[in-house]
>>> print(open('model.csv').read())   # CSV, C-alpha atoms
chain,number,residue,atom,x,y,z
A,281,MET,CA,0.0,0.0,0.0
A,282,GLN,CA,2.3,2.7,-1.4
A,283,ILE,CA,1.3,6.3,-2.2
A,284,GLN,CA,2.5,7.1,-5.7
A,285,ARG,CA,3.2,10.8,-6.5
A,286,PHE,CA,4.2,12.2,-9.8
A,287,SER,CA,4.9,15.5,-11.6
A,288,ILE,CA,4.0,16.1,-15.2
A,289,SER,CA,6.3,19.1,-15.5
A,290,ARG,CA,9.3,17.3,-14.1
A,291,THR,CA,8.7,14.1,-16.2
A,292,LYS,CA,8.0,16.2,-19.3
A,293,ASP,CA,11.5,17.6,-19.2
A,294,GLU,CA,13.0,14.1,-19.1
A,295,ILE,CA,11.3,13.1,-22.4
A,296,THR,CA,13.4,13.7,-25.4
A,297,ARG,CA,12.0,11.1,-27.8
A,298,ALA,CA,8.6,11.2,-29.5
A,299,TYR,CA,6.2,8.3,-29.2
A,300,SER,CA,8.1,6.8,-26.2
A,301,PRO,CA,5.6,7.0,-23.4
A,302,ILE,CA,6.8,7.2,-19.8
A,303,ASN,CA,4.8,5.7,-17.0
A,304,LEU,CA,3.7,8.3,-14.4
A,305,ALA,CA,1.7,5.9,-12.2
A,306,SER,CA,-0.3,2.6,-12.0
A,307,VAL,CA,-3.9,2.7,-10.9
A,308,ASP,CA,-5.1,-0.9,-10.4
A,309,ASP,CA,-4.5,-2.5,-13.8
A,310,PHE,CA,-4.3,0.9,-15.6
A,311,ALA,CA,-1.4,3.1,-16.4
A,312,ILE,CA,-1.1,6.8,-16.6
A,313,ARG,CA,1.5,7.7,-19.2
A,314,LEU,CA,3.1,10.9,-20.6
A,315,VAL,CA,4.1,11.1,-24.2
A,316,LYS,CA,5.4,13.6,-26.7
A,317,PHE,CA,4.4,13.6,-30.4
A,318,GLN,CA,6.5,14.5,-33.5
A,319,GLY,CA,5.4,13.9,-37.0
A,320,GLU,CA,3.2,10.9,-37.7
A,321,PHE,CA,3.2,7.7,-35.6
A,322,GLU,CA,5.1,4.9,-37.2
A,323,ARG,CA,2.0,3.0,-38.3
A,324,TRP,CA,-1.8,2.7,-38.3
A,325,HIS,CA,-2.7,0.2,-35.7
A,326,THR,CA,-5.6,-1.3,-33.6
A,327,HIS,CA,-5.9,-2.3,-30.0
A,328,GLU,CA,-8.3,-5.2,-30.2
A,329,ASN,CA,-9.1,-5.5,-26.5
A,330,GLU,CA,-8.3,-2.1,-24.9
A,331,ASP,CA,-9.7,1.4,-25.2
A,332,GLU,CA,-7.0,4.1,-25.2
A,333,SER,CA,-7.5,7.6,-23.9
A,334,PHE,CA,-5.4,10.7,-24.7
A,335,ILE,CA,-5.6,14.1,-23.0
A,336,VAL,CA,-3.7,16.8,-24.8
A,337,LEU,CA,-1.7,19.0,-22.5
A,338,SER,CA,0.1,21.2,-25.0
A,339,GLY,CA,0.3,21.6,-28.7
A,340,GLU,CA,-2.1,20.1,-31.2
A,341,ILE,CA,-2.5,16.5,-32.3
A,342,ASN,CA,-4.3,15.2,-35.4
A,343,PHE,CA,-6.0,11.9,-34.6
A,344,GLN,CA,-6.4,10.0,-37.8
A,345,THR,CA,-9.0,7.2,-37.5
A,346,GLU,CA,-10.9,5.0,-39.9
A,347,GLN,CA,-14.0,6.9,-38.7
A,348,GLY,CA,-12.4,10.2,-39.8
A,349,ASP,CA,-9.8,12.6,-38.5
A,350,PHE,CA,-10.0,15.4,-35.9
A,351,VAL,CA,-7.6,17.7,-34.2
A,352,LEU,CA,-7.3,18.0,-30.4
A,353,LYS,CA,-5.8,21.0,-28.6
A,354,ALA,CA,-4.6,21.5,-25.1
A,355,GLY,CA,-7.3,20.6,-22.6
A,356,GLU,CA,-9.2,18.3,-25.0
A,357,GLY,CA,-9.3,14.5,-24.8
A,358,VAL,CA,-10.5,11.4,-26.7
A,359,VAL,CA,-11.1,7.8,-26.1
A,360,ILE,CA,-10.2,5.6,-29.1
A,361,PRO,CA,-12.4,2.6,-28.7
A,362,LYS,CA,-11.0,-0.9,-28.9
A,363,GLY,CA,-11.0,-2.2,-32.4
A,364,LEU,CA,-10.7,1.2,-34.1
A,365,LYS,CA,-7.7,1.6,-36.4
A,366,HIS,CA,-5.9,4.9,-35.8
A,367,CYS,CA,-2.7,6.8,-36.3
A,368,PRO,CA,-1.9,10.0,-34.4
A,369,LYS,CA,0.1,12.8,-36.1
A,370,ALA,CA,1.6,16.0,-34.4
A,371,ALA,CA,0.3,19.2,-35.9
A,372,GLU,CA,3.1,21.1,-37.5
A,373,SER,CA,4.8,23.4,-35.0
A,374,GLY,CA,8.0,24.1,-33.1
A,375,GLU,CA,7.5,22.2,-29.9
A,376,MET,CA,6.5,18.5,-29.6
A,377,PRO,CA,2.9,18.2,-28.4
A,378,LEU,CA,2.4,16.6,-25.0
A,379,ALA,CA,-0.4,14.3,-23.9
A,380,LEU,CA,-1.5,12.0,-21.1
A,381,ILE,CA,-2.3,8.4,-22.1
A,382,ILE,CA,-4.7,6.5,-19.9
A,383,GLU,CA,-5.0,2.8,-20.8
A,384,ARG,CA,-4.7,-0.7,-19.5
A,385,ALA,CA,-1.1,-1.3,-18.5
A,386,GLU,CA,-0.7,-4.2,-21.0
A,387,THR,CA,-1.8,-2.1,-24.0
A,388,LYS,CA,0.9,-2.5,-26.7
A,389,ARG,CA,2.3,0.7,-28.2
A,390,LEU,CA,2.1,-0.6,-31.8
A,391,GLY,CA,-1.2,-2.4,-31.4
A,392,ASP,CA,-2.0,-6.1,-31.8
B,265,MET,CA,-17.4,1.3,-31.1
B,266,GLN,CA,-17.9,5.0,-30.4
B,267,ILE,CA,-15.2,7.6,-30.3
B,268,GLN,CA,-15.6,9.7,-27.1
B,269,ARG,CA,-14.4,13.3,-27.2
B,270,PHE,CA,-14.3,15.7,-24.3
B,271,SER,CA,-13.1,19.2,-23.3
B,272,ILE,CA,-11.8,19.9,-19.8
B,273,SER,CA,-12.2,23.7,-20.3
B,274,ARG,CA,-15.8,23.4,-21.4
B,275,THR,CA,-16.8,20.9,-18.7
B,276,LYS,CA,-14.9,23.0,-16.1
B,277,ASP,CA,-17.2,25.9,-16.7
B,278,GLU,CA,-20.3,23.7,-16.1
B,279,ILE,CA,-19.2,22.6,-12.6
B,280,THR,CA,-20.6,24.8,-9.9
B,281,ARG,CA,-20.5,22.5,-6.9
B,282,ALA,CA,-17.4,21.2,-5.2
B,283,TYR,CA,-16.9,17.5,-4.7
B,284,SER,CA,-19.4,16.5,-7.4
B,285,PRO,CA,-17.3,14.8,-10.0
B,286,ILE,CA,-18.5,14.9,-13.7
B,287,ASN,CA,-17.7,12.0,-16.0
B,288,LEU,CA,-15.6,13.1,-18.9
B,289,ALA,CA,-15.2,9.6,-20.5
B,290,SER,CA,-15.2,5.9,-19.9
B,291,VAL,CA,-12.0,3.9,-20.7
B,292,ASP,CA,-12.9,0.2,-20.5
B,293,ASP,CA,-14.1,-0.2,-16.8
B,294,PHE,CA,-12.4,3.0,-15.8
B,295,ALA,CA,-13.7,6.6,-15.6
B,296,ILE,CA,-12.0,9.9,-16.2
B,297,ARG,CA,-13.7,12.5,-14.1
B,298,LEU,CA,-13.4,16.2,-13.5
B,299,VAL,CA,-13.9,17.7,-10.0
B,300,LYS,CA,-13.6,21.0,-8.1
B,301,PHE,CA,-12.6,21.2,-4.5
B,302,GLN,CA,-13.6,23.7,-1.8
B,303,GLY,CA,-12.9,23.4,1.9
B,304,GLU,CA,-12.5,19.9,3.3
B,305,PHE,CA,-14.2,16.8,1.9
B,306,GLU,CA,-17.2,15.7,4.0
B,307,ARG,CA,-15.4,12.8,5.6
B,308,TRP,CA,-12.3,10.6,5.9
B,309,HIS,CA,-13.0,7.5,3.9
B,310,THR,CA,-11.4,4.4,2.3
B,311,HIS,CA,-11.8,2.6,-1.0
B,312,GLU,CA,-11.2,-1.0,0.0
B,313,ASN,CA,-10.9,-2.4,-3.5
B,314,GLU,CA,-9.9,0.5,-5.8
B,315,ASP,CA,-6.9,2.8,-6.2
B,316,GLU,CA,-7.8,6.4,-6.9
B,317,SER,CA,-5.7,8.8,-8.9
B,318,PHE,CA,-5.9,12.6,-8.8
B,319,ILE,CA,-4.1,15.0,-11.2
B,320,VAL,CA,-4.3,18.6,-10.1
B,321,LEU,CA,-5.0,21.0,-13.0
B,322,SER,CA,-5.3,24.3,-11.1
B,323,GLY,CA,-5.0,25.5,-7.5
B,324,GLU,CA,-3.5,23.5,-4.6
B,325,ILE,CA,-5.0,20.6,-2.8
B,326,ASN,CA,-3.9,19.2,0.6
B,327,PHE,CA,-4.2,15.4,0.6
B,328,GLN,CA,-4.6,14.3,4.2
B,329,THR,CA,-3.9,10.6,4.6
B,330,GLU,CA,-3.3,8.2,7.4
B,331,GLN,CA,0.3,8.0,6.1
B,332,GLY,CA,0.7,11.8,6.4
B,333,ASP,CA,-0.4,14.9,4.5
B,334,PHE,CA,1.1,16.6,1.4
B,335,VAL,CA,0.1,19.4,-0.9
B,336,LEU,CA,-0.2,19.0,-4.7
B,337,LYS,CA,-0.1,21.9,-7.2
B,338,ALA,CA,-1.1,22.1,-10.8
B,339,GLY,CA,0.7,19.4,-12.9
B,340,GLU,CA,1.2,17.1,-9.9
B,341,GLY,CA,-0.6,13.9,-9.3
B,342,VAL,CA,-1.1,11.1,-6.8
B,343,VAL,CA,-2.4,7.6,-6.6
B,344,ILE,CA,-4.1,6.9,-3.2
B,345,PRO,CA,-3.8,3.1,-2.9
B,346,LYS,CA,-6.8,0.9,-2.1
B,347,GLY,CA,-7.2,0.6,1.7
B,348,LEU,CA,-5.6,3.9,2.6
B,349,LYS,CA,-7.9,6.3,4.6
B,350,HIS,CA,-7.8,9.8,3.2
B,351,CYS,CA,-9.6,13.2,3.1
B,352,PRO,CA,-8.7,15.9,0.6
B,353,LYS,CA,-8.9,19.6,1.5
B,354,ALA,CA,-8.7,22.6,-0.9
B,355,ALA,CA,-5.8,25.0,0.0
B,356,GLU,CA,-7.2,28.4,1.0
B,357,SER,CA,-7.6,30.6,-2.1
B,358,GLY,CA,-10.1,32.4,-4.2
B,359,GLU,CA,-10.9,29.9,-6.9
B,360,MET,CA,-11.9,26.2,-6.4
B,361,PRO,CA,-9.0,23.9,-7.3
B,362,LEU,CA,-9.6,21.6,-10.3
B,363,ALA,CA,-8.5,18.0,-10.7
B,364,LEU,CA,-8.9,14.9,-12.9
B,365,ILE,CA,-9.9,11.7,-11.1
B,366,ILE,CA,-8.9,8.4,-12.7
B,367,GLU,CA,-10.5,5.4,-11.1
B,368,ARG,CA,-12.6,2.3,-11.6
B,369,ALA,CA,-16.1,3.5,-12.7
B,370,GLU,CA,-17.7,1.8,-9.7
B,371,THR,CA,-15.6,3.6,-7.1
B,372,LYS,CA,-17.9,5.2,-4.5
B,373,ARG,CA,-17.5,8.9,-3.8
B,374,LEU,CA,-17.7,8.5,-0.1
B,375,GLY,CA,-15.8,5.2,0.1
B,376,ASP,CA,-17.0,1.9,1.4
>>> encode(input="model.csv", output="structure tokens")
Amino acid sequence: MQIQRFSISRTKDEITRAYSPINLASVDDFAIRLVKFQGEFERWHTHENEDESFIVLSGEINFQTEQGDFVLKAGEGVVIPKGLKHCPKAAESGEMPLALIIERAETKRLGD
Amino acid sequence: MQIQRFSISRTKDEITRAYSPINLASVDDFAIRLVKFQGEFERWHTHENEDESFIVLSGEINFQTEQGDFVLKAGEGVVIPKGLKHCPKAAESGEMPLALIIERAETKRLGD
């Protein structure tokens, strides 16, 4: 029974590579992760058994999905439902957009 | 298979009562909620079977726990482990602090 504390601003500064999520904390079988975006993710993919949520903290991210594309700005979030093919893409700008990911801990980065 | 989209800034403006979380989205059996704080929560309580995570978005919140107290500011988060008695309290200030809650959907507001 351990209290976990984390700091988004401190962890943010440690992230140098895009699309390499860092675990901030575990909540039961879920993970809260922090990730930066740059360019397009390496491939379209699907998580067959897990929903995946993103909350944009800075910058703008274009979520390309097989149900259409949309852009999220800071303070906006989305849940990509299990089974939906998707591929995120950073909007063009200087800094790498930053987002929280909330998903089951076992969710694979590149999908199934 | 429905994409869920949400906006923290829009939902924030709809919240007038402290300690009345609003559901932003469901991620598998988890919920992402938005909540404002004012004064002390109505009672010390425990979630016997669920971890509970808070991410502070604005203001400062004092997390009182039976393992000691600590203050979290914007951009800082905590996971209160299952079984740990706790009681949050807004730091004194003008505006109501705002936080995300990430927890199993069935987690009871007042504990078990």
>>> closest_residue(input="model.csv", among="B:Ile344, B:Glu324, B:Pro285, B:Phe294", to="Gly358 (chain B)", atoms="only C-alpha atoms")
B:Glu324
>>> residues_around(input="model.csv", residues="Val342 (chain B)", least_positions_apart="3", cutoff="7 Å", atoms="all atoms listed in the file", output="number ranges by chain")
A: 284-286; B: 317-319
>>> write_last_selection(input="model.csv", atoms="C-alpha atoms", output="mmCIF file, in the coordinates of the input")
data_model
loop_
_atom_site.group_PDB
_atom_site.id
_atom_site.type_symbol
_atom_site.label_atom_id
_atom_site.label_comp_id
_atom_site.auth_asym_id
_atom_site.auth_seq_id
_atom_site.Cartn_x
_atom_site.Cartn_y
_atom_site.Cartn_z
ATOM 1 C CA GLN A 284 2.500 7.100 -5.700
ATOM 2 C CA ARG A 285 3.200 10.800 -6.500
ATOM 3 C CA PHE A 286 4.200 12.200 -9.800
ATOM 4 C CA SER B 317 -5.700 8.800 -8.900
ATOM 5 C CA PHE B 318 -5.900 12.600 -8.800
ATOM 6 C CA ILE B 319 -4.100 15.000 -11.200
#
>>> interface_residues(input="model.csv", of="chain B", to="chain A", cutoff="10 Å", atoms="only C-alpha atoms", output="mmCIF file with C-alpha atoms, keeping the file's coordinate frame")
data_model
loop_
_atom_site.group_PDB
_atom_site.id
_atom_site.type_symbol
_atom_site.label_atom_id
_atom_site.label_comp_id
_atom_site.auth_asym_id
_atom_site.auth_seq_id
_atom_site.Cartn_x
_atom_site.Cartn_y
_atom_site.Cartn_z
ATOM 1 C CA MET B 265 -17.400 1.300 -31.100
ATOM 2 C CA GLN B 266 -17.900 5.000 -30.400
ATOM 3 C CA ILE B 267 -15.200 7.600 -30.300
ATOM 4 C CA GLN B 268 -15.600 9.700 -27.100
ATOM 5 C CA ARG B 269 -14.400 13.300 -27.200
ATOM 6 C CA PHE B 270 -14.300 15.700 -24.300
ATOM 7 C CA SER B 271 -13.100 19.200 -23.300
ATOM 8 C CA ILE B 272 -11.800 19.900 -19.800
ATOM 9 C CA SER B 273 -12.200 23.700 -20.300
ATOM 10 C CA ARG B 274 -15.800 23.400 -21.400
ATOM 11 C CA LEU B 288 -15.600 13.100 -18.900
ATOM 12 C CA ALA B 289 -15.200 9.600 -20.500
ATOM 13 C CA SER B 290 -15.200 5.900 -19.900
ATOM 14 C CA VAL B 291 -12.000 3.900 -20.700
ATOM 15 C CA ASP B 292 -12.900 0.200 -20.500
ATOM 16 C CA ASP B 293 -14.100 -0.200 -16.800
ATOM 17 C CA PHE B 294 -12.400 3.000 -15.800
ATOM 18 C CA ALA B 295 -13.700 6.600 -15.600
ATOM 19 C CA ILE B 296 -12.000 9.900 -16.200
ATOM 20 C CA ASN B 313 -10.900 -2.400 -3.500
ATOM 21 C CA GLU B 314 -9.900 0.500 -5.800
ATOM 22 C CA ASP B 315 -6.900 2.800 -6.200
ATOM 23 C CA GLU B 316 -7.800 6.400 -6.900
ATOM 24 C CA SER B 317 -5.700 8.800 -8.900
ATOM 25 C CA PHE B 318 -5.900 12.600 -8.800
ATOM 26 C CA ILE B 319 -4.100 15.000 -11.200
ATOM 27 C CA VAL B 320 -4.300 18.600 -10.100
ATOM 28 C CA LEU B 321 -5.000 21.000 -13.000
ATOM 29 C CA THR B 329 -3.900 10.600 4.600
ATOM 30 C CA GLN B 331 0.300 8.000 6.100
ATOM 31 C CA LEU B 336 -0.200 19.000 -4.700
ATOM 32 C CA LYS B 337 -0.100 21.900 -7.200
ATOM 33 C CA ALA B 338 -1.100 22.100 -10.800
ATOM 34 C CA GLY B 339 0.700 19.400 -12.900
ATOM 35 C CA GLU B 340 1.200 17.100 -9.900
ATOM 36 C CA GLY B 341 -0.600 13.900 -9.300
ATOM 37 C CA VAL B 342 -1.100 11.100 -6.800
ATOM 38 C CA VAL B 343 -2.400 7.600 -6.600
ATOM 39 C CA ILE B 344 -4.100 6.900 -3.200
ATOM 40 C CA PRO B 345 -3.800 3.100 -2.900
ATOM 41 C CA LYS B 346 -6.800 0.900 -2.100
ATOM 42 C CA GLY B 347 -7.200 0.600 1.700
ATOM 43 C CA LEU B 348 -5.600 3.900 2.600
ATOM 44 C CA ILE B 366 -8.900 8.400 -12.700
ATOM 45 C CA GLU B 367 -10.500 5.400 -11.100
ATOM 46 C CA ARG B 368 -12.600 2.300 -11.600
#
>>> atom_distance(input="model.csv", atom1="CA of Ala385 (chain A)", atom2="CA of Glu372 (chain A)")
29.7 Å
>>> calpha_fit_and_write(input="model.csv", fixed="chain A", moving="chain B", output="PDB file with C-alpha atoms, in the coordinates of the input")
ATOM      1  CA  MET B 265      -0.006   0.016   0.024  1.00  0.00           C
ATOM      2  CA  GLN B 266       2.265   2.707  -1.402  1.00  0.00           C
ATOM      3  CA  ILE B 267       1.262   6.231  -2.195  1.00  0.00           C
ATOM      4  CA  GLN B 268       2.487   7.116  -5.735  1.00  0.00           C
ATOM      5  CA  ARG B 269       3.293  10.755  -6.456  1.00  0.00           C
ATOM      6  CA  PHE B 270       4.259  12.208  -9.793  1.00  0.00           C
ATOM      7  CA  SER B 271       4.950  15.534 -11.567  1.00  0.00           C
ATOM      8  CA  ILE B 272       3.985  16.052 -15.205  1.00  0.00           C
ATOM      9  CA  SER B 273       6.290  19.127 -15.486  1.00  0.00           C
ATOM     10  CA  ARG B 274       9.294  17.274 -14.144  1.00  0.00           C
ATOM     11  CA  THR B 275       8.724  14.115 -16.202  1.00  0.00           C
ATOM     12  CA  LYS B 276       8.009  16.295 -19.287  1.00  0.00           C
ATOM     13  CA  ASP B 277      11.494  17.672 -19.174  1.00  0.00           C
ATOM     14  CA  GLU B 278      13.003  14.132 -19.124  1.00  0.00           C
ATOM     15  CA  ILE B 279      11.295  13.045 -22.375  1.00  0.00           C
ATOM     16  CA  THR B 280      13.459  13.608 -25.390  1.00  0.00           C
ATOM     17  CA  ARG B 281      12.028  11.114 -27.845  1.00  0.00           C
ATOM     18  CA  ALA B 282       8.604  11.251 -29.411  1.00  0.00           C
ATOM     19  CA  TYR B 283       6.264   8.311 -29.157  1.00  0.00           C
ATOM     20  CA  SER B 284       8.060   6.765 -26.170  1.00  0.00           C
ATOM     21  CA  PRO B 285       5.544   6.954 -23.396  1.00  0.00           C
ATOM     22  CA  ILE B 286       6.841   7.197 -19.736  1.00  0.00           C
ATOM     23  CA  ASN B 287       4.813   5.660 -16.932  1.00  0.00           C
ATOM     24  CA  LEU B 288       3.738   8.251 -14.449  1.00  0.00           C
ATOM     25  CA  ALA B 289       1.708   5.863 -12.181  1.00  0.00           C
ATOM     26  CA  SER B 290      -0.209   2.647 -11.995  1.00  0.00           C
ATOM     27  CA  VAL B 291      -3.929   2.771 -10.980  1.00  0.00           C
ATOM     28  CA  ASP B 292      -5.049  -0.819 -10.353  1.00  0.00           C
ATOM     29  CA  ASP B 293      -4.438  -2.534 -13.814  1.00  0.00           C
ATOM     30  CA  PHE B 294      -4.329   0.796 -15.554  1.00  0.00           C
ATOM     31  CA  ALA B 295      -1.393   3.101 -16.425  1.00  0.00           C
ATOM     32  CA  ILE B 296      -1.140   6.847 -16.624  1.00  0.00           C
ATOM     33  CA  ARG B 297       1.521   7.717 -19.119  1.00  0.00           C
ATOM     34  CA  LEU B 298       3.110  10.836 -20.494  1.00  0.00           C
ATOM     35  CA  VAL B 299       4.098  11.107 -24.195  1.00  0.00           C
ATOM     36  CA  LYS B 300       5.408  13.621 -26.755  1.00  0.00           C
ATOM     37  CA  PHE B 301       4.440  13.548 -30.369  1.00  0.00           C
ATOM     38  CA  GLN B 302       6.413  14.565 -33.469  1.00  0.00           C
ATOM     39  CA  GLY B 303       5.444  13.901 -37.059  1.00  0.00           C
ATOM     40  CA  GLU B 304       3.238  10.890 -37.719  1.00  0.00           C
ATOM     41  CA  PHE B 305       3.203   7.726 -35.609  1.00  0.00           C
ATOM     42  CA  GLU B 306       5.098   4.844 -37.259  1.00  0.00           C
ATOM     43  CA  ARG B 307       1.984   3.004 -38.320  1.00  0.00           C
ATOM     44  CA  TRP B 308      -1.816   2.681 -38.331  1.00  0.00           C
ATOM     45  CA  HIS B 309      -2.674   0.152 -35.692  1.00  0.00           C
ATOM     46  CA  THR B 310      -5.532  -1.291 -33.575  1.00  0.00           C
ATOM     47  CA  HIS B 311      -5.911  -2.312 -29.955  1.00  0.00           C
ATOM     48  CA  GLU B 312      -8.316  -5.222 -30.215  1.00  0.00           C
ATOM     49  CA  ASN B 313      -9.082  -5.511 -26.523  1.00  0.00           C
ATOM     50  CA  GLU B 314      -8.331  -2.101 -24.939  1.00  0.00           C
ATOM     51  CA  ASP B 315      -9.715   1.430 -25.199  1.00  0.00           C
ATOM     52  CA  GLU B 316      -7.070   4.125 -25.215  1.00  0.00           C
ATOM     53  CA  SER B 317      -7.537   7.615 -23.882  1.00  0.00           C
ATOM     54  CA  PHE B 318      -5.438  10.667 -24.760  1.00  0.00           C
ATOM     55  CA  ILE B 319      -5.624  14.087 -23.020  1.00  0.00           C
ATOM     56  CA  VAL B 320      -3.685  16.763 -24.833  1.00  0.00           C
ATOM     57  CA  LEU B 321      -1.694  19.016 -22.462  1.00  0.00           C
ATOM     58  CA  SER B 322       0.131  21.224 -24.987  1.00  0.00           C
ATOM     59  CA  GLY B 323       0.274  21.631 -28.769  1.00  0.00           C
ATOM     60  CA  GLU B 324      -2.201  20.120 -31.270  1.00  0.00           C
ATOM     61  CA  ILE B 325      -2.492  16.559 -32.337  1.00  0.00           C
ATOM     62  CA  ASN B 326      -4.348  15.242 -35.428  1.00  0.00           C
ATOM     63  CA  PHE B 327      -6.023  11.915 -34.619  1.00  0.00           C
ATOM     64  CA  GLN B 328      -6.449  10.043 -37.882  1.00  0.00           C
ATOM     65  CA  THR B 329      -8.955   7.225 -37.541  1.00  0.00           C
ATOM     66  CA  GLU B 330     -10.855   4.943 -39.809  1.00  0.00           C
ATOM     67  CA  GLN B 331     -13.973   6.878 -38.703  1.00  0.00           C
ATOM     68  CA  GLY B 332     -12.402  10.194 -39.811  1.00  0.00           C
ATOM     69  CA  ASP B 333      -9.769  12.619 -38.539  1.00  0.00           C
ATOM     70  CA  PHE B 334     -10.012  15.447 -35.952  1.00  0.00           C
ATOM     71  CA  VAL B 335      -7.595  17.756 -34.233  1.00  0.00           C
ATOM     72  CA  LEU B 336      -7.319  18.060 -30.423  1.00  0.00           C
ATOM     73  CA  LYS B 337      -5.784  21.054 -28.592  1.00  0.00           C
ATOM     74  CA  ALA B 338      -4.613  21.461 -25.061  1.00  0.00           C
ATOM     75  CA  GLY B 339      -7.410  20.558 -22.551  1.00  0.00           C
ATOM     76  CA  GLU B 340      -9.184  18.267 -25.029  1.00  0.00           C
ATOM     77  CA  GLY B 341      -9.301  14.553 -24.845  1.00  0.00           C
ATOM     78  CA  VAL B 342     -10.441  11.439 -26.674  1.00  0.00           C
ATOM     79  CA  VAL B 343     -11.116   7.813 -26.066  1.00  0.00           C
ATOM     80  CA  ILE B 344     -10.210   5.656 -29.143  1.00  0.00           C
ATOM     81  CA  PRO B 345     -12.418   2.571 -28.661  1.00  0.00           C
ATOM     82  CA  LYS B 346     -11.007  -0.959 -28.812  1.00  0.00           C
ATOM     83  CA  GLY B 347     -11.038  -2.204 -32.437  1.00  0.00           C
ATOM     84  CA  LEU B 348     -10.786   1.180 -34.095  1.00  0.00           C
ATOM     85  CA  LYS B 349      -7.706   1.598 -36.416  1.00  0.00           C
ATOM     86  CA  HIS B 350      -5.930   4.864 -35.785  1.00  0.00           C
ATOM     87  CA  CYS B 351      -2.649   6.810 -36.293  1.00  0.00           C
ATOM     88  CA  PRO B 352      -1.903  10.043 -34.466  1.00  0.00           C
ATOM     89  CA  LYS B 353       0.098  12.845 -36.105  1.00  0.00           C
ATOM     90  CA  ALA B 354       1.592  15.952 -34.398  1.00  0.00           C
ATOM     91  CA  ALA B 355       0.269  19.245 -35.942  1.00  0.00           C
ATOM     92  CA  GLU B 356       3.143  21.165 -37.547  1.00  0.00           C
ATOM     93  CA  SER B 357       4.786  23.445 -34.956  1.00  0.00           C
ATOM     94  CA  GLY B 358       7.972  24.113 -33.138  1.00  0.00           C
ATOM     95  CA  GLU B 359       7.545  22.180 -29.936  1.00  0.00           C
ATOM     96  CA  MET B 360       6.493  18.476 -29.596  1.00  0.00           C
ATOM     97  CA  PRO B 361       2.885  18.217 -28.403  1.00  0.00           C
ATOM     98  CA  LEU B 362       2.405  16.615 -24.960  1.00  0.00           C
ATOM     99  CA  ALA B 363      -0.347  14.250 -23.882  1.00  0.00           C
ATOM    100  CA  LEU B 364      -1.452  11.915 -21.065  1.00  0.00           C
ATOM    101  CA  ILE B 365      -2.326   8.358 -22.099  1.00  0.00           C
ATOM    102  CA  ILE B 366      -4.770   6.443 -19.906  1.00  0.00           C
ATOM    103  CA  GLU B 367      -5.015   2.790 -20.751  1.00  0.00           C
ATOM    104  CA  ARG B 368      -4.758  -0.764 -19.497  1.00  0.00           C
ATOM    105  CA  ALA B 369      -1.077  -1.313 -18.474  1.00  0.00           C
ATOM    106  CA  GLU B 370      -0.742  -4.172 -20.957  1.00  0.00           C
ATOM    107  CA  THR B 371      -1.783  -2.141 -23.991  1.00  0.00           C
ATOM    108  CA  LYS B 372       0.855  -2.515 -26.732  1.00  0.00           C
ATOM    109  CA  ARG B 373       2.353   0.634 -28.209  1.00  0.00           C
ATOM    110  CA  LEU B 374       2.105  -0.572 -31.727  1.00  0.00           C
ATOM    111  CA  GLY B 375      -1.217  -2.404 -31.343  1.00  0.00           C
ATOM    112  CA  ASP B 376      -1.941  -6.042 -31.856  1.00  0.00           C
TER     113      ASP B 376
END
>>> residues_around(input="model.csv", residues="Pro368 (chain A)", least_positions_apart="3", cutoff="7 Å", atoms="only C-alpha atoms", output="PyMOL selection string")
chain A and resi 320-321+341-344
>>> closest_residue(input="model.csv", among="A:Glu346, A:Pro377, A:Ala371, A:Thr326", to="Tyr299 (chain A)", atoms="all atoms listed in the file")
A:Pro377
>>> atom_distance(input="model.csv", atom1="CA of Leu374 (chain B)", atom2="CA of Leu362 (chain B)")
18.5 Å
>>> atom_distance(input="model.csv", atom1="CA of Asp392 (chain A)", atom2="CA of Cys367 (chain A)")
13.7 Å
